[in-house]
Amino acid sequence: MQFQAAVLRSYESPFTVEEVLLRTEPAAGEILVEIAGTGMCGTDLAVRNSGGRSPLPAVLGHEGAGVVVRAAAAAAGGADGAIGVGDHVVLSFDSCGHCPNCRAAAPAYCDSFASLNLFGGREEHPPRLTDATGEALAPRWFGQSSFAAYALVPARNAVRVDPALPLELLGPLGCGFLTGAGAVLNTFAAGPGDTLVVFGAGAVGLAAVLAATAAGVLTLAVDRHPERLTLAERFGATPLHAASPDLPARIRRLTDGGARYALDTTAAPPLINHALNALRPTGALGLVARLHTPLSLEPGTLDRGRGIRHICEGDAVPGVLIPRLIALWQAGRFPFDQLIRTYPLADINEAEHDCRAGRVVKPVLLPERTSR
């Protein structure tokens, strides 16, 4: 079948919206999804700085949501049983399903996570997705490649949702919002009486703020953009500018001796050191962004039982956390839709520019749908 997709052809070039060809039907365990909306995530944009590790040309996109239009007979890998034609689904990251971590309900730490999600998935001969000239496009970015009108995905990655929900807005629950909220609700298991400081009030950080507020956690948010701090305050956090003098001491005063938890979404070593210095004894810091420079820790930052670890995909089982976040949204306690601005898929380069400039927290791209 032929449909429109946004193709990234080089690390420096803009996206081009063009006709692509899907040259196969769903195989066992796969579904074809007509995309209603797909979020633009920092991981998509980081491909430009991957040093050639991500194969191009490619169709990116990994926060898709849509309607199943075809399903293989054995597409029984969904979060709550077999997924069939007509089901509304949110798509999340890929995992193998059979390694020790997948079997232990930790699919974000799948042994094959990097190869399945970050480097184009498995090699395919002949290629299943090509451009109009027949040139192969890197297959299955995060199991999706959802910057497109359609995505062929493993049913294992899909979470069925109520058809009454605004499907075009749900895609970011599969990665960015899942990561921030999962860090609070899963990794930290934070609740009333706990304190949290979030460094970086972008999509992941603000999702963490929303989840922390819903869980009754006293929350602080650190950022350098005043408009992001205004958003964080609206959602229940005490705002602190990243350039505030003696930032760790201010956080310790506001949290009665130090935060129990800190979440860094910036990968900036100075802020990571501030986060550790702002923790109370036995406090925990979670990192969700990939470090691109060596991390030098100041003396004493890990004293008195403080700990630091990387968190992938919010330690989430998508089929468990996504319905939980939707239920919180329906109860008015997780208003993630207020972080979203929609763009036609044709305007993907404008969306990327606005995202990089900080004009939008979470762009969501809307392909033209034949079934609208």
# chains A, B, ... in the order shown; residues from 1 in each chain; ligands from 1
$ residues_around --residues "region 274-285 of chain A" --least-positions-apart "5" --cutoff "8 Å" --atoms "only C-alpha atoms" --output "PyMOL selection string"
chain A and resi 197+199+247-249+251-252+257-264+301-309
$ write_last_selection --atoms "N, CA and C atoms" --output "PDB file, in the first residue's frame"
ATOM      1  N   VAL A 197      12.116  16.962  43.434  1.00  0.00           N
ATOM      2  CA  VAL A 197      12.523  18.112  42.637  1.00  0.00           C
ATOM      3  C   VAL A 197      12.815  17.619  41.228  1.00  0.00           C
ATOM      4  N   PHE A 199      14.285  18.478  37.538  1.00  0.00           N
ATOM      5  CA  PHE A 199      15.174  19.358  36.793  1.00  0.00           C
ATOM      6  C   PHE A 199      14.864  19.236  35.307  1.00  0.00           C
ATOM      7  N   LEU A 247      21.365  27.145  44.485  1.00  0.00           N
ATOM      8  CA  LEU A 247      20.135  26.400  44.218  1.00  0.00           C
ATOM      9  C   LEU A 247      19.944  25.206  45.154  1.00  0.00           C
ATOM     10  N   PRO A 248      20.963  24.350  45.388  1.00  0.00           N
ATOM     11  CA  PRO A 248      20.729  23.213  46.296  1.00  0.00           C
ATOM     12  C   PRO A 248      20.282  23.641  47.692  1.00  0.00           C
ATOM     13  N   ALA A 249      20.867  24.717  48.210  1.00  0.00           N
ATOM     14  CA  ALA A 249      20.480  25.176  49.548  1.00  0.00           C
ATOM     15  C   ALA A 249      19.029  25.648  49.556  1.00  0.00           C
ATOM     16  N   ILE A 251      16.647  24.535  47.651  1.00  0.00           N
ATOM     17  CA  ILE A 251      15.801  23.338  47.600  1.00  0.00           C
ATOM     18  C   ILE A 251      15.749  22.670  48.966  1.00  0.00           C
ATOM     19  N   ARG A 252      16.889  22.589  49.641  1.00  0.00           N
ATOM     20  CA  ARG A 252      16.897  21.953  50.965  1.00  0.00           C
ATOM     21  C   ARG A 252      16.012  22.729  51.939  1.00  0.00           C
ATOM     22  N   GLY A 257      15.088  20.100  54.679  1.00  0.00           N
ATOM     23  CA  GLY A 257      16.317  19.321  54.835  1.00  0.00           C
ATOM     24  C   GLY A 257      16.765  18.587  53.596  1.00  0.00           C
ATOM     25  N   GLY A 258      16.009  18.665  52.524  1.00  0.00           N
ATOM     26  CA  GLY A 258      16.416  17.998  51.286  1.00  0.00           C
ATOM     27  C   GLY A 258      15.292  17.172  50.698  1.00  0.00           C
ATOM     28  N   ALA A 259      15.276  17.071  49.376  1.00  0.00           N
ATOM     29  CA  ALA A 259      14.247  16.290  48.689  1.00  0.00           C
ATOM     30  C   ALA A 259      14.499  14.798  48.863  1.00  0.00           C
ATOM     31  N   ARG A 260      13.420  14.052  48.961  1.00  0.00           N
ATOM     32  CA  ARG A 260      13.557  12.582  49.015  1.00  0.00           C
ATOM     33  C   ARG A 260      13.943  12.031  47.650  1.00  0.00           C
ATOM     34  N   TYR A 261      13.412  12.650  46.588  1.00  0.00           N
ATOM     35  CA  TYR A 261      13.690  12.197  45.231  1.00  0.00           C
ATOM     36  C   TYR A 261      14.025  13.388  44.343  1.00  0.00           C
ATOM     37  N   ALA A 262      14.844  13.141  43.341  1.00  0.00           N
ATOM     38  CA  ALA A 262      15.124  14.128  42.298  1.00  0.00           C
ATOM     39  C   ALA A 262      15.098  13.414  40.960  1.00  0.00           C
ATOM     40  N   LEU A 263      14.606  14.115  39.949  1.00  0.00           N
ATOM     41  CA  LEU A 263      14.557  13.576  38.593  1.00  0.00           C
ATOM     42  C   LEU A 263      15.224  14.579  37.673  1.00  0.00           C
ATOM     43  N   ASP A 264      16.257  14.146  36.964  1.00  0.00           N
ATOM     44  CA  ASP A 264      16.929  15.024  36.010  1.00  0.00           C
ATOM     45  C   ASP A 264      16.579  14.613  34.595  1.00  0.00           C
ATOM     46  N   THR A 301      28.769  14.318  47.001  1.00  0.00           N
ATOM     47  CA  THR A 301      27.408  14.248  46.457  1.00  0.00           C
ATOM     48  C   THR A 301      26.752  12.892  46.692  1.00  0.00           C
ATOM     49  N   LEU A 302      27.549  11.845  46.819  1.00  0.00           N
ATOM     50  CA  LEU A 302      26.970  10.512  47.038  1.00  0.00           C
ATOM     51  C   LEU A 302      27.151  10.040  48.476  1.00  0.00           C
ATOM     52  N   ASP A 303      27.481  10.956  49.373  1.00  0.00           N
ATOM     53  CA  ASP A 303      27.604  10.594  50.773  1.00  0.00           C
ATOM     54  C   ASP A 303      26.233  10.338  51.391  1.00  0.00           C
ATOM     55  N   ARG A 304      26.244   9.697  52.541  1.00  0.00           N
ATOM     56  CA  ARG A 304      25.073   9.522  53.405  1.00  0.00           C
ATOM     57  C   ARG A 304      23.932   8.793  52.699  1.00  0.00           C
ATOM     58  N   GLY A 305      24.298   7.787  51.925  1.00  0.00           N
ATOM     59  CA  GLY A 305      23.290   6.903  51.362  1.00  0.00           C
ATOM     60  C   GLY A 305      22.588   7.410  50.129  1.00  0.00           C
ATOM     61  N   ARG A 306      22.999   8.558  49.590  1.00  0.00           N
ATOM     62  CA  ARG A 306      22.364   9.043  48.371  1.00  0.00           C
ATOM     63  C   ARG A 306      22.711   8.120  47.212  1.00  0.00           C
ATOM     64  N   GLY A 307      21.764   7.966  46.285  1.00  0.00           N
ATOM     65  CA  GLY A 307      21.974   7.066  45.150  1.00  0.00           C
ATOM     66  C   GLY A 307      21.586   7.715  43.834  1.00  0.00           C
ATOM     67  N   ILE A 308      22.086   7.142  42.741  1.00  0.00           N
ATOM     68  CA  ILE A 308      21.812   7.659  41.405  1.00  0.00           C
ATOM     69  C   ILE A 308      21.661   6.475  40.461  1.00  0.00           C
ATOM     70  N   ARG A 309      20.674   6.547  39.571  1.00  0.00           N
ATOM     71  CA  ARG A 309      20.471   5.482  38.584  1.00  0.00           C
ATOM     72  C   ARG A 309      19.791   6.049  37.355  1.00  0.00           C
TER      73      ARG A 309
END
$ closest_atom_pairs --of "region 188-295 of chain A" --to "region 313-319 of chain A" --cutoff "10 Å" --atoms "only C-alpha atoms" --output "tab-separated table"
residue	atom	partner	partner_atom	distance
A:Phe188	CA	A:Gly314	CA	9.8
A:Val204	CA	A:Gly314	CA	9.8
A:Ala208	CA	A:Gly314	CA	9.8
A:Gly286	CA	A:Gly314	CA	9.9
A:Val288	CA	A:Glu313	CA	8.0
$ residues_around --residues "Ile348 (chain A)" --least-positions-apart "4" --cutoff "10 Å" --atoms "only C-alpha atoms" --output "list in words"
Ala6, Pro14, Phe15, Thr16, Val17, Met40, Phe147, Tyr343, Pro344, Glu352, His353, Asp354, Pro363, Val364, Leu365 and Leu366 of chain A
$ closest_residue --among "A:Leu210, A:Ala46, A:Val184, A:Leu8" --to "His292 (chain A)" --atoms "only C-alpha atoms"
A:Ala46
$ residues_around --residues "region 211-221 of chain A" --least-positions-apart "5" --cutoff "9 Å" --atoms "only C-alpha atoms" --output "mmCIF file with all heavy atoms, in the first residue's frame"
data_model
loop_
_atom_site.group_PDB
_atom_site.id
_atom_site.type_symbol
_atom_site.label_atom_id
_atom_site.label_comp_id
_atom_site.auth_asym_id
_atom_site.auth_seq_id
_atom_site.Cartn_x
_atom_site.Cartn_y
_atom_site.Cartn_z
ATOM 1 N N GLY A 180 8.130 10.279 32.220
ATOM 2 C CA GLY A 180 8.108 11.171 33.367
ATOM 3 C C GLY A 180 7.195 10.682 34.475
ATOM 4 O O GLY A 180 7.569 10.648 35.654
ATOM 5 N N ALA A 181 5.979 10.296 34.099
ATOM 6 C CA ALA A 181 5.032 9.818 35.107
ATOM 7 C C ALA A 181 5.500 8.507 35.723
ATOM 8 O O ALA A 181 5.368 8.292 36.937
ATOM 9 C CB ALA A 181 3.650 9.639 34.484
ATOM 10 N N GLY A 182 6.067 7.627 34.904
ATOM 11 C CA GLY A 182 6.531 6.340 35.420
ATOM 12 C C GLY A 182 7.665 6.486 36.416
ATOM 13 O O GLY A 182 7.760 5.711 37.384
ATOM 14 N N VAL A 184 8.011 8.760 38.586
ATOM 15 C CA VAL A 184 7.405 9.126 39.867
ATOM 16 C C VAL A 184 6.609 7.961 40.458
ATOM 17 O O VAL A 184 6.761 7.616 41.636
ATOM 18 C CB VAL A 184 6.492 10.356 39.694
ATOM 19 C CG1 VAL A 184 5.736 10.662 40.987
ATOM 20 C CG2 VAL A 184 7.310 11.557 39.244
ATOM 21 N N LEU A 185 5.740 7.367 39.627
ATOM 22 C CA LEU A 185 4.790 6.375 40.143
ATOM 23 C C LEU A 185 5.397 4.980 40.271
ATOM 24 O O LEU A 185 5.005 4.222 41.168
ATOM 25 C CB LEU A 185 3.564 6.325 39.229
ATOM 26 C CG LEU A 185 2.804 7.639 39.068
ATOM 27 C CD1 LEU A 185 1.673 7.488 38.062
ATOM 28 C CD2 LEU A 185 2.277 8.146 40.405
ATOM 29 N N ALA A 190 6.462 7.347 44.667
ATOM 30 C CA ALA A 190 6.307 8.481 45.570
ATOM 31 C C ALA A 190 4.843 8.691 45.942
ATOM 32 O O ALA A 190 3.933 8.409 45.151
ATOM 33 C CB ALA A 190 6.870 9.744 44.912
ATOM 34 N N GLY A 191 4.634 9.197 47.136
ATOM 35 C CA GLY A 191 3.276 9.434 47.612
ATOM 36 C C GLY A 191 3.233 10.546 48.632
ATOM 37 O O GLY A 191 4.219 11.282 48.825
ATOM 38 N N PRO A 192 2.114 10.712 49.308
ATOM 39 C CA PRO A 192 1.964 11.793 50.289
ATOM 40 C C PRO A 192 3.090 11.755 51.322
ATOM 41 O O PRO A 192 3.469 10.691 51.822
ATOM 42 C CB PRO A 192 0.608 11.494 50.929
ATOM 43 C CG PRO A 192 -0.142 10.747 49.868
ATOM 44 C CD PRO A 192 0.886 9.910 49.164
ATOM 45 N N GLY A 193 3.629 12.937 51.618
ATOM 46 C CA GLY A 193 4.741 13.044 52.556
ATOM 47 C C GLY A 193 6.098 13.039 51.887
ATOM 48 O O GLY A 193 7.093 13.429 52.508
ATOM 49 N N ASP A 194 6.163 12.601 50.636
ATOM 50 C CA ASP A 194 7.426 12.611 49.901
ATOM 51 C C ASP A 194 7.657 13.973 49.261
ATOM 52 O O ASP A 194 6.723 14.760 49.047
ATOM 53 C CB ASP A 194 7.424 11.541 48.810
ATOM 54 C CG ASP A 194 7.598 10.137 49.367
ATOM 55 O OD1 ASP A 194 8.280 9.993 50.402
ATOM 56 O OD2 ASP A 194 7.052 9.192 48.774
ATOM 57 N N THR A 195 8.915 14.235 48.931
ATOM 58 C CA THR A 195 9.295 15.471 48.247
ATOM 59 C C THR A 195 10.088 15.117 47.000
ATOM 60 O O THR A 195 10.898 14.189 46.995
ATOM 61 C CB THR A 195 10.139 16.366 49.164
ATOM 62 O OG1 THR A 195 11.214 15.589 49.724
ATOM 63 C CG2 THR A 195 9.295 16.950 50.281
ATOM 64 N N LEU A 196 9.860 15.871 45.932
ATOM 65 C CA LEU A 196 10.492 15.617 44.640
ATOM 66 C C LEU A 196 10.912 16.939 44.022
ATOM 67 O O LEU A 196 10.143 17.907 44.052
ATOM 68 C CB LEU A 196 9.502 14.912 43.704
ATOM 69 C CG LEU A 196 9.872 14.840 42.208
ATOM 70 C CD1 LEU A 196 11.008 13.842 41.983
ATOM 71 C CD2 LEU A 196 8.652 14.456 41.370
ATOM 72 N N VAL A 197 12.116 16.962 43.434
ATOM 73 C CA VAL A 197 12.523 18.112 42.637
ATOM 74 C C VAL A 197 12.815 17.619 41.228
ATOM 75 O O VAL A 197 13.531 16.633 41.040
ATOM 76 C CB VAL A 197 13.737 18.849 43.256
ATOM 77 C CG1 VAL A 197 14.911 17.919 43.497
ATOM 78 C CG2 VAL A 197 14.148 20.030 42.387
ATOM 79 N N VAL A 198 12.206 18.273 40.247
ATOM 80 C CA VAL A 198 12.335 17.895 38.845
ATOM 81 C C VAL A 198 13.204 18.934 38.147
ATOM 82 O O VAL A 198 12.894 20.134 38.181
ATOM 83 C CB VAL A 198 10.951 17.819 38.162
ATOM 84 C CG1 VAL A 198 11.108 17.514 36.678
ATOM 85 C CG2 VAL A 198 10.082 16.774 38.838
ATOM 86 N N PHE A 199 14.285 18.478 37.538
ATOM 87 C CA PHE A 199 15.174 19.358 36.793
ATOM 88 C C PHE A 199 14.864 19.236 35.307
ATOM 89 O O PHE A 199 15.047 18.175 34.703
ATOM 90 C CB PHE A 199 16.635 18.991 37.066
ATOM 91 C CG PHE A 199 17.112 19.388 38.439
ATOM 92 C CD1 PHE A 199 16.783 18.627 39.554
ATOM 93 C CD2 PHE A 199 17.865 20.534 38.615
ATOM 94 C CE1 PHE A 199 17.207 19.000 40.822
ATOM 95 C CE2 PHE A 199 18.292 20.923 39.889
ATOM 96 C CZ PHE A 199 17.962 20.150 40.989
ATOM 97 N N GLY A 200 14.352 20.326 34.736
ATOM 98 C CA GLY A 200 13.960 20.348 33.333
ATOM 99 C C GLY A 200 12.466 20.196 33.192
ATOM 100 O O GLY A 200 11.923 19.101 33.400
ATOM 101 N N ALA A 201 11.776 21.276 32.842
ATOM 102 C CA ALA A 201 10.315 21.256 32.743
ATOM 103 C C ALA A 201 9.876 21.180 31.291
ATOM 104 O O ALA A 201 9.068 21.984 30.820
ATOM 105 C CB ALA A 201 9.723 22.478 33.432
ATOM 106 N N GLY A 205 9.638 16.170 32.087
ATOM 107 C CA GLY A 205 9.627 16.770 33.410
ATOM 108 C C GLY A 205 8.251 17.212 33.850
ATOM 109 O O GLY A 205 7.856 17.015 35.012
ATOM 110 N N LEU A 206 7.486 17.810 32.943
ATOM 111 C CA LEU A 206 6.138 18.245 33.313
ATOM 112 C C LEU A 206 5.206 17.060 33.527
ATOM 113 O O LEU A 206 4.294 17.132 34.372
ATOM 114 C CB LEU A 206 5.587 19.200 32.262
ATOM 115 C CG LEU A 206 6.234 20.593 32.278
ATOM 116 C CD1 LEU A 206 5.791 21.416 31.070
ATOM 117 C CD2 LEU A 206 5.900 21.345 33.573
ATOM 118 N N LEU A 229 8.406 27.323 33.691
ATOM 119 C CA LEU A 229 8.203 27.397 35.131
ATOM 120 C C LEU A 229 6.774 27.817 35.469
ATOM 121 O O LEU A 229 6.188 27.347 36.442
ATOM 122 C CB LEU A 229 9.201 28.377 35.750
ATOM 123 C CG LEU A 229 10.665 27.919 35.724
ATOM 124 C CD1 LEU A 229 11.584 29.027 36.231
ATOM 125 C CD2 LEU A 229 10.850 26.655 36.547
ATOM 126 N N ALA A 232 4.776 24.683 35.166
ATOM 127 C CA ALA A 232 5.010 23.807 36.312
ATOM 128 C C ALA A 232 4.252 24.296 37.539
ATOM 129 O O ALA A 232 3.661 23.499 38.284
ATOM 130 C CB ALA A 232 6.506 23.724 36.596
ATOM 131 N N GLU A 233 4.246 25.611 37.743
ATOM 132 C CA GLU A 233 3.513 26.159 38.887
ATOM 133 C C GLU A 233 2.015 25.931 38.728
ATOM 134 O O GLU A 233 1.324 25.594 39.712
ATOM 135 C CB GLU A 233 3.821 27.650 39.030
ATOM 136 C CG GLU A 233 3.225 28.277 40.275
ATOM 137 C CD GLU A 233 3.673 29.712 40.466
ATOM 138 O OE1 GLU A 233 4.044 30.368 39.459
ATOM 139 O OE2 GLU A 233 3.658 30.181 41.616
ATOM 140 N N PHE A 235 0.654 23.475 37.412
ATOM 141 C CA PHE A 235 0.363 22.072 37.665
ATOM 142 C C PHE A 235 0.767 21.619 39.065
ATOM 143 O O PHE A 235 0.792 20.425 39.348
ATOM 144 C CB PHE A 235 1.061 21.203 36.615
ATOM 145 C CG PHE A 235 0.555 21.442 35.220
ATOM 146 C CD1 PHE A 235 1.437 21.595 34.158
ATOM 147 C CD2 PHE A 235 -0.800 21.525 34.956
ATOM 148 C CE1 PHE A 235 0.975 21.815 32.872
ATOM 149 C CE2 PHE A 235 -1.266 21.751 33.680
ATOM 150 C CZ PHE A 235 -0.382 21.904 32.634
ATOM 151 N N GLY A 236 1.093 22.563 39.944
ATOM 152 C CA GLY A 236 1.253 22.224 41.351
ATOM 153 C C GLY A 236 2.658 22.244 41.899
ATOM 154 O O GLY A 236 2.855 21.932 43.082
ATOM 155 N N ALA A 237 3.662 22.616 41.099
ATOM 156 C CA ALA A 237 5.045 22.616 41.563
ATOM 157 C C ALA A 237 5.482 24.013 41.969
ATOM 158 O O ALA A 237 5.018 25.015 41.423
ATOM 159 C CB ALA A 237 5.975 22.088 40.474
ATOM 160 N N THR A 238 6.399 24.083 42.901
ATOM 161 C CA THR A 238 7.061 25.337 43.231
ATOM 162 C C THR A 238 8.155 25.590 42.206
ATOM 163 O O THR A 238 9.052 24.763 42.048
ATOM 164 C CB THR A 238 7.669 25.276 44.638
ATOM 165 O OG1 THR A 238 6.633 25.062 45.593
ATOM 166 C CG2 THR A 238 8.414 26.556 44.968
ATOM 167 N N PRO A 239 8.120 26.723 41.485
ATOM 168 C CA PRO A 239 9.092 26.955 40.421
ATOM 169 C C PRO A 239 10.393 27.560 40.949
ATOM 170 O O PRO A 239 10.382 28.430 41.825
ATOM 171 C CB PRO A 239 8.368 27.938 39.500
ATOM 172 C CG PRO A 239 7.484 28.723 40.422
ATOM 173 C CD PRO A 239 7.075 27.778 41.529
ATOM 174 N N LEU A 240 11.519 27.109 40.387
ATOM 175 C CA LEU A 240 12.835 27.644 40.719
ATOM 176 C C LEU A 240 13.628 27.819 39.439
ATOM 177 O O LEU A 240 13.758 26.874 38.653
ATOM 178 C CB LEU A 240 13.592 26.700 41.663
ATOM 179 C CG LEU A 240 13.043 26.531 43.083
ATOM 180 C CD1 LEU A 240 13.779 25.399 43.789
ATOM 181 C CD2 LEU A 240 13.167 27.827 43.862
ATOM 182 N N HIS A 241 14.184 29.003 39.239
ATOM 183 C CA HIS A 241 14.999 29.221 38.048
ATOM 184 C C HIS A 241 16.330 28.488 38.207
ATOM 185 O O HIS A 241 16.924 28.474 39.294
ATOM 186 C CB HIS A 241 15.236 30.708 37.820
ATOM 187 C CG HIS A 241 15.712 31.025 36.441
ATOM 188 N ND1 HIS A 241 17.025 30.845 36.049
ATOM 189 C CD2 HIS A 241 15.046 31.484 35.347
ATOM 190 C CE1 HIS A 241 17.157 31.182 34.783
ATOM 191 N NE2 HIS A 241 15.966 31.573 34.330
ATOM 192 N N ILE A 251 16.647 24.535 47.651
ATOM 193 C CA ILE A 251 15.801 23.338 47.600
ATOM 194 C C ILE A 251 15.749 22.670 48.966
ATOM 195 O O ILE A 251 14.670 22.249 49.428
ATOM 196 C CB ILE A 251 16.326 22.373 46.525
ATOM 197 C CG1 ILE A 251 16.164 23.000 45.132
ATOM 198 C CG2 ILE A 251 15.588 21.029 46.602
ATOM 199 C CD1 ILE A 251 16.865 22.230 44.030
ATOM 200 N N LEU A 254 13.350 24.525 51.178
ATOM 201 C CA LEU A 254 11.951 24.358 50.797
ATOM 202 C C LEU A 254 11.432 22.953 51.054
ATOM 203 O O LEU A 254 10.214 22.728 51.053
ATOM 204 C CB LEU A 254 11.773 24.714 49.320
ATOM 205 C CG LEU A 254 11.922 26.198 48.966
ATOM 206 C CD1 LEU A 254 12.047 26.385 47.454
ATOM 207 C CD2 LEU A 254 10.726 26.992 49.502
ATOM 208 N N THR A 255 12.330 21.996 51.237
ATOM 209 C CA THR A 255 11.923 20.594 51.432
ATOM 210 C C THR A 255 12.287 20.077 52.814
ATOM 211 O O THR A 255 12.360 18.864 53.021
ATOM 212 C CB THR A 255 12.557 19.701 50.355
ATOM 213 O OG1 THR A 255 13.985 19.862 50.383
ATOM 214 C CG2 THR A 255 12.041 20.041 48.973
ATOM 215 N N ALA A 259 15.276 17.071 49.376
ATOM 216 C CA ALA A 259 14.247 16.290 48.689
ATOM 217 C C ALA A 259 14.499 14.798 48.863
ATOM 218 O O ALA A 259 15.648 14.335 48.881
ATOM 219 C CB ALA A 259 14.223 16.648 47.207
ATOM 220 N N LEU A 325 -2.707 6.152 33.585
ATOM 221 C CA LEU A 325 -2.605 7.577 33.277
ATOM 222 C C LEU A 325 -3.881 8.094 32.632
ATOM 223 O O LEU A 325 -4.321 9.221 32.908
ATOM 224 C CB LEU A 325 -1.406 7.832 32.373
ATOM 225 C CG LEU A 325 -0.033 7.506 32.979
ATOM 226 C CD1 LEU A 325 1.075 7.800 31.978
ATOM 227 C CD2 LEU A 325 0.198 8.266 34.285
ATOM 228 N N LEU A 328 -6.364 8.637 35.380
ATOM 229 C CA LEU A 328 -6.073 9.878 36.099
ATOM 230 C C LEU A 328 -6.514 11.093 35.285
ATOM 231 O O LEU A 328 -7.054 12.062 35.835
ATOM 232 C CB LEU A 328 -4.573 9.968 36.412
ATOM 233 C CG LEU A 328 -4.057 9.071 37.541
ATOM 234 C CD1 LEU A 328 -2.533 9.099 37.585
ATOM 235 C CD2 LEU A 328 -4.628 9.499 38.888
ATOM 236 N N ARG A 333 -6.965 14.618 37.003
ATOM 237 C CA ARG A 333 -5.774 14.675 37.845
ATOM 238 C C ARG A 333 -4.474 14.536 37.061
ATOM 239 O O ARG A 333 -3.400 14.591 37.662
ATOM 240 C CB ARG A 333 -5.858 13.582 38.913
ATOM 241 C CG ARG A 333 -7.050 13.740 39.845
ATOM 242 C CD ARG A 333 -7.198 12.545 40.758
ATOM 243 N NE ARG A 333 -6.014 12.345 41.592
ATOM 244 C CZ ARG A 333 -5.709 11.191 42.181
ATOM 245 N NH1 ARG A 333 -6.495 10.126 42.003
ATOM 246 N NH2 ARG A 333 -4.627 11.095 42.920
ATOM 247 N N PHE A 334 -4.540 14.369 35.749
ATOM 248 C CA PHE A 334 -3.329 14.243 34.925
ATOM 249 C C PHE A 334 -3.597 14.928 33.584
ATOM 250 O O PHE A 334 -3.731 14.285 32.552
ATOM 251 C CB PHE A 334 -2.962 12.762 34.732
ATOM 252 C CG PHE A 334 -1.622 12.537 34.090
ATOM 253 C CD1 PHE A 334 -0.445 12.719 34.812
ATOM 254 C CD2 PHE A 334 -1.525 12.126 32.769
ATOM 255 C CE1 PHE A 334 0.794 12.498 34.222
ATOM 256 C CE2 PHE A 334 -0.295 11.906 32.172
ATOM 257 C CZ PHE A 334 0.875 12.096 32.902
#
$ closest_residue --among "A:Pro172, A:Pro26, A:Pro154, A:Gly143" --to "Glu63 (chain A)" --atoms "only C-alpha atoms"
A:Pro172
$ residues_around --residues "Glu368 (chain A)" --least-positions-apart "4" --cutoff "9 Å" --atoms "only C-alpha atoms" --output "PyMOL selection string"
chain A and resi 4+35-36+149+344-345+372
$ write_last_selection --atoms "N, CA and C atoms" --output "PDB file, in the first residue's frame"
ATOM      1  N   GLN A   4       1.413   8.585   2.823  1.00  0.00           N
ATOM      2  CA  GLN A   4       2.361   9.648   3.115  1.00  0.00           C
ATOM      3  C   GLN A   4       3.095   9.391   4.428  1.00  0.00           C
ATOM      4  N   ILE A  35      -2.648   5.806  11.650  1.00  0.00           N
ATOM      5  CA  ILE A  35      -2.234   6.716  12.707  1.00  0.00           C
ATOM      6  C   ILE A  35      -3.175   7.918  12.780  1.00  0.00           C
ATOM      7  N   ALA A  36      -3.714   8.153  13.985  1.00  0.00           N
ATOM      8  CA  ALA A  36      -4.550   9.331  14.223  1.00  0.00           C
ATOM      9  C   ALA A  36      -3.706  10.517  14.662  1.00  0.00           C
ATOM     10  N   ALA A 149       1.100   7.984   7.822  1.00  0.00           N
ATOM     11  CA  ALA A 149      -0.333   7.727   7.856  1.00  0.00           C
ATOM     12  C   ALA A 149      -0.649   6.337   8.394  1.00  0.00           C
ATOM     13  N   PRO A 344      -0.513  19.528  11.442  1.00  0.00           N
ATOM     14  CA  PRO A 344      -0.624  18.553  10.354  1.00  0.00           C
ATOM     15  C   PRO A 344       0.749  17.900  10.113  1.00  0.00           C
ATOM     16  N   LEU A 345       0.754  16.643   9.712  1.00  0.00           N
ATOM     17  CA  LEU A 345       2.018  15.972   9.418  1.00  0.00           C
ATOM     18  C   LEU A 345       2.838  16.780   8.411  1.00  0.00           C
ATOM     19  N   ARG A 372     -11.486   9.459   8.293  1.00  0.00           N
ATOM     20  CA  ARG A 372     -12.132  10.539   9.046  1.00  0.00           C
ATOM     21  C   ARG A 372     -13.519  10.832   8.489  1.00  0.00           C
TER      22      ARG A 372
END
$ select_by_dssp --residues "region 266-362 of chain A" --states "strand (DSSP E or B)" --output "MDAnalysis selection string"
chainID A and resid 279:287 307:310 340:344 362
$ closest_residue --among "A:Arg160, A:His62, A:His225, A:Lys362" --to "Phe142 (chain A)" --atoms "only C-alpha atoms"
A:His62
$ closest_residue --among "A:Gly171, A:Gly66, A:Gly97, A:Gly61" --to "Phe336 (chain A)" --atoms "only C-alpha atoms"
A:Gly171
$ atom_distance --atom1 "CA of Arg53 (chain A)" --atom2 "CA of Leu291 (chain A)"
15.7 Å
$ closest_residue --among "A:Pro323, A:Gly176, A:Pro294, A:Pro245" --to "Leu339 (chain A)" --atoms "only C-alpha atoms"
A:Gly176
$ closest_residue --among "A:His88, A:Arg228, A:Arg156, A:Arg9" --to "Val361 (chain A)" --atoms "only C-alpha atoms"
A:Arg228
$ select_by_dssp --residues "region 160-362 of chain A" --states "alpha helix (DSSP H)" --output "ChimeraX atom specification"
/A:176-182,203-214,226-234,247-254,269-277,318-330,348-356
$ residues_around --residues "Val153 (chain A)" --least-positions-apart "4" --cutoff "6 Å" --atoms "only C-alpha atoms" --output "PyMOL selection string"
chain A and resi 30-31+143-144
$ write_last_selection --atoms "N, CA and C atoms" --output "JSON list (two decimals), in the first residue's frame"
[["chain", "number", "residue", "atom", "x", "y", "z"],
["A", 30, "GLU", "N", 1.56, -9.24, 14.25],
["A", 30, "GLU", "CA", 1.64, -7.84, 13.84],
["A", 30, "GLU", "C", 0.28, -7.27, 13.51],
["A", 31, "ILE", "N", 0.20, -5.94, 13.60],
["A", 31, "ILE", "CA", -1.02, -5.21, 13.23],
["A", 31, "ILE", "C", -0.63, -4.00, 12.37],
["A", 143, "GLY", "N", 9.82, 0.15, 16.84],
["A", 143, "GLY", "CA", 8.72, -0.73, 16.50],
["A", 143, "GLY", "C", 7.57, -0.05, 15.81],
["A", 144, "GLN", "N", 7.73, 1.23, 15.40],
["A", 144, "GLN", "CA", 6.60, 1.99, 14.88],
["A", 144, "GLN", "C", 6.86, 2.69, 13.56]]
$ residues_around --residues "Leu45 (chain A)" --least-positions-apart "3" --cutoff "10 Å" --atoms "only C-alpha atoms" --output "PyMOL selection string"
chain A and resi 11+40-42+48-50+60-61+352+355-356
